[in-house]
Each structure stands twice: as C-alpha cells, then as structure tokens.
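> I have a structure I would like to understand better, so I am pasting it below and will then ask my questions one at a time.
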Amino acid sequence: MAGHSKFANIKHRKGAQDKKRSAMFSKLSREITVAAKSGMPDPDMNPRLRLAVNNAKGQSMPKDNIQRAIDKASASEGDDYKEVRYEGFGPGGVSLIVEALTDNTNRTVTNVRTIFSRNGGNMGESGSVAHGFERVGYIAYPASAGDEDTVMEAVMEAGGDDIQSSEDGHEIWTAMEDLHEVAGALEKSLGEAESVKLAWKPSVEVEVDAAQAETLLGLIDALEDDDDVQAVHGNYSVSDEIMEQLNAG
C-alpha cells in the first residue's frame, strides 16, 4: 500500500498536545476564519470551510468556538492572514514541508528558520523538497470505525484512491479535488472522521534510526509549537520498535 502511517508519531506527541489544547484550538480557529473568508461562510457551500470545521470537530473543539471563528470572517476579522509554505531538511536527509497562516511573514520565516537550525535541521529554498511530494486529500478514522475490509469497501465505494490500515486506525488518500466528496460519502457510511485535510504525500520515504527519530520528532514538535505553523509534513518513516523506545524513554 502506498501512504505512510503517522499514528505512532501522533501518539508520541499526544501528551504534549493535550497540554496545549488552547493553542491547538487557536490554530483551528484561524484556519476556519481564513477558510470562511475565502468563500461562503457556510460549510455546505464552502469545501475548504467544511474541511476546517470537520478537522476542528475531530479535535473535539466546542461548537461555540467553531461558530465564533466563522462569525469573525463575517465581521471582516482575520482577513490579514497570509498562507505561506516553508521547506527544509531534518536529520537523516528527511524532507519537511511547513504550512503556516501568518499576519507577519518576517516574524514567521525568522521563527521557522531558527527552529530548524536549533533542532538539528536546516531550512531550504522554496521548491527544494516539494517536488518529492504530491498534494492530496487525507482522511483518518479510528480503528473503531470498522475492520480493514469494511473500511476498504467503504473507501472504494466513496471513490478514495488508497487506504492504509493498522491497529491504530485507518488512513485514506484521495485526489486533492475529490477530498470533499469522498469525505462526505465516508461520513455517511463510517461516521465522522478524526481528520479531513489536504496533505503532502511523499513519493519516497526515508527510514530514520533511533537517534535521528528522536531529533526529528523534537524538531517537528518545536515547529508545531509555533503559533503560526498550521501543519508539518515529512517523508520520514519510523519503525514501531523505535517509536516504542521513544515512548518508553
């Protein structure tokens, strides 16, 4: 199967993310506001907003918070945010794509460059790694959504391109332009997804050893901690054994 599992990596960072719930909600709110500004403030009429709202729901963001973020767009707030993308390298030659929403690009680029350099990586030029990724749709379901055969059948009927299942859950990939439609079909058959978003899928993965993985995950943690950073995508692969070592450490 194509695709790459990030469930183990997500679990590795979950404890830290739980402590930063308000910061996560702030990032989700920013994306909802920007998405609502980019089109209609109605999720049913605005695919990007629908994705942002679904993602917020997947993170248990209260409905009041979601509505406030949408209302901000109607009140002409949040319209000074700009979408920016940075590219760089982590330990072991891993490629990373960093997506951000910012109202001050000078601040953000300085912060991102500093985080790379202080955490075992280095920032590259625009286009230095993106050629090794494909822009696709990504949908994640918990293992409780069904067994592999059940979910695979639902994905095929919904028009998804690929699925990778493990004991931690199911990762589904779609063409970028099909994400909204496939996610809607899956919601009817499997219920609400944990995550629905556009992602960068690597064409080739880089296997990292224990030392590299520890440094790499520290770098990703630091990037995700930045207020302006919305998502970090990479072409790394970490074995279950190494993840268990890191989780136990």
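Ligands are numbered from 1 in the order shown, chains are lettered A, B, ... in the order of the structure tokens, and residues start at 1 in each chain.
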Name the residues in contact with stretch 215-227 of chain A at a cut-off of 9 Å, using only C-alpha atoms, excluding same-chain residues fewer than 4 positions from it; report them as a short mmCIF file (atom, residue, chain, number, x, y, z; two decimals) with C-alpha atoms, in the first residue's frame.


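Output below, filename selection33.cif:
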data_model
loop_
_atom_site.label_atom_id
_atom_site.label_comp_id
_atom_site.auth_asym_id
_atom_site.auth_seq_id
_atom_site.Cartn_x
_atom_site.Cartn_y
_atom_site.Cartn_z
CA ASN A 9 4.26 9.60 15.72
CA HIS A 12 4.35 10.07 20.67
CA ARG A 13 3.35 13.71 20.73
CA ALA A 16 2.39 17.37 24.75
CA GLN A 17 -0.53 18.31 22.52
CA LYS A 20 -1.58 22.78 24.50
CA ALA A 23 -3.06 26.70 21.32
CA MET A 24 -4.43 23.97 19.04
CA SER A 26 -6.41 28.85 18.27
CA LYS A 27 -4.80 27.38 15.14
CA GLY A 90 15.68 17.26 9.14
CA PRO A 91 18.21 14.68 10.36
CA GLY A 92 18.95 11.75 8.06
CA VAL A 94 14.37 13.89 5.81
CA LEU A 96 9.84 18.64 5.64
CA VAL A 98 5.82 23.53 6.91
CA ALA A 100 1.63 28.44 8.17
CA LEU A 101 -1.00 31.16 8.42
CA THR A 102 0.54 34.45 9.45
CA THR A 108 7.24 33.66 10.86
CA ASN A 111 10.99 31.79 13.76
CA VAL A 112 10.82 28.79 11.42
CA ILE A 115 13.61 26.36 14.92
CA PHE A 116 15.19 24.37 12.09
CA ARG A 118 18.31 24.86 16.74
CA ASN A 119 16.79 21.40 16.37
CA GLY A 120 19.09 19.52 14.03
CA GLY A 121 17.65 20.70 10.71
CA VAL A 208 15.35 7.01 10.27
CA ALA A 210 16.54 5.90 16.85
CA ALA A 211 18.84 8.89 17.29
CA ALA A 231 0.87 21.70 9.80
CA VAL A 232 4.18 19.89 9.26
CA HIS A 233 4.51 17.17 6.61
CA TYR A 236 10.13 10.07 7.21
#

> If you run DSSP on the backbone, which residues of stretch 92-166 of chain A are alpha helix (DSSP H), as a list in words?

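Filtering stretch 92-166 of chain A to alpha helix (DSSP H) leaves Thr105, Asn106, Arg107, Thr108, Val109, Thr110, Asn111, Val112, Arg113, Thr114, Ile115, Phe116, Ser117, Arg118, Glu148, Asp149, Thr150, Val151, Met152, Glu153, Ala154, Val155, Met156, Glu157 and Ala158 of chain A.
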
> Within 8 Å of stretch 174-184 of chain A, which residues of stretch 25-65 of chain A come that close, and what is the closest atom pair and distance in Å for each? Count only C-alpha atoms and give it as CSV.


residue,atom,partner,partner_atom,distance
A:Pro47,CA,A:His180,CA,6.0
A:Arg50,CA,A:His180,CA,7.8
A:Leu51,CA,A:His180,CA,7.3

> Can you list, as a ChimeraX atom specification, every protein, DNA or RNA residue that comes within 12 Å of A:Asp162 when you count only C-alpha atoms, leaving out same-chain residues fewer than 4 positions away?

/A:1-4,136-140,151-158,170-175,182,201

> Between A:Glu192, A:Glu87, A:Asp228, A:Asp64, which has the minimum distance to A:Glu31 (counting only C-alpha atoms)?

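Looking at the shortest contact to A:Glu31, the residue is A:Asp228.
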
> How many Å lie between atom CA of A:Arg85 and atom CA of A:Phe25, rounded to one decimal?

20.7 Å

> Could you pull out all residues of stretch 4-241 of chain A with a DSSP call of strand (DSSP E or B) and give them as a VMD selection string?

chain A and resid 82 to 89 95 to 102 122 to 123 133 to 142 162 to 166 169 to 175 195 to 202 206 to 207 229 to 234 236 to 237

> Residues within 6 Å of A:Pro202, please, as a list in words. Count only C-alpha atoms; anything in the same chain fewer than 4 positions from it doesn't count.

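Final neighbour list, sorted by chain and number: Gly132, Phe133 and Asn235 of chain A.
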
> Using only C-alpha atoms, which residue out of A:Leu198, A:Glu241, A:Ile32, A:Ser126 lies closest to A:Asn65?

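Between A:Leu198, A:Glu241, A:Ile32, A:Ser126, the residue approaching A:Asn65 most closely is A:Ile32.
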
> Take atom CA of A:Lys197 and atom CA of A:Asp71 and report the distance between them in Å, one decimal.

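Between atom CA of A:Lys197 and atom CA of A:Asp71 the gap works out to 21.6 Å.
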
> As an exercise, work out the distance from atom CA of A:Gly58 to atom CA of A:Val238 in Å and give it to one decimal place.

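These two atoms are separated by 24.6 Å.
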
> Excluding same-chain residues fewer than 2 positions from A:Ala73, what lies within 10 Å of it counting only C-alpha atoms, as an NGL selection string?

:A and (30 or 32-41 or 68-71 or 75-79)
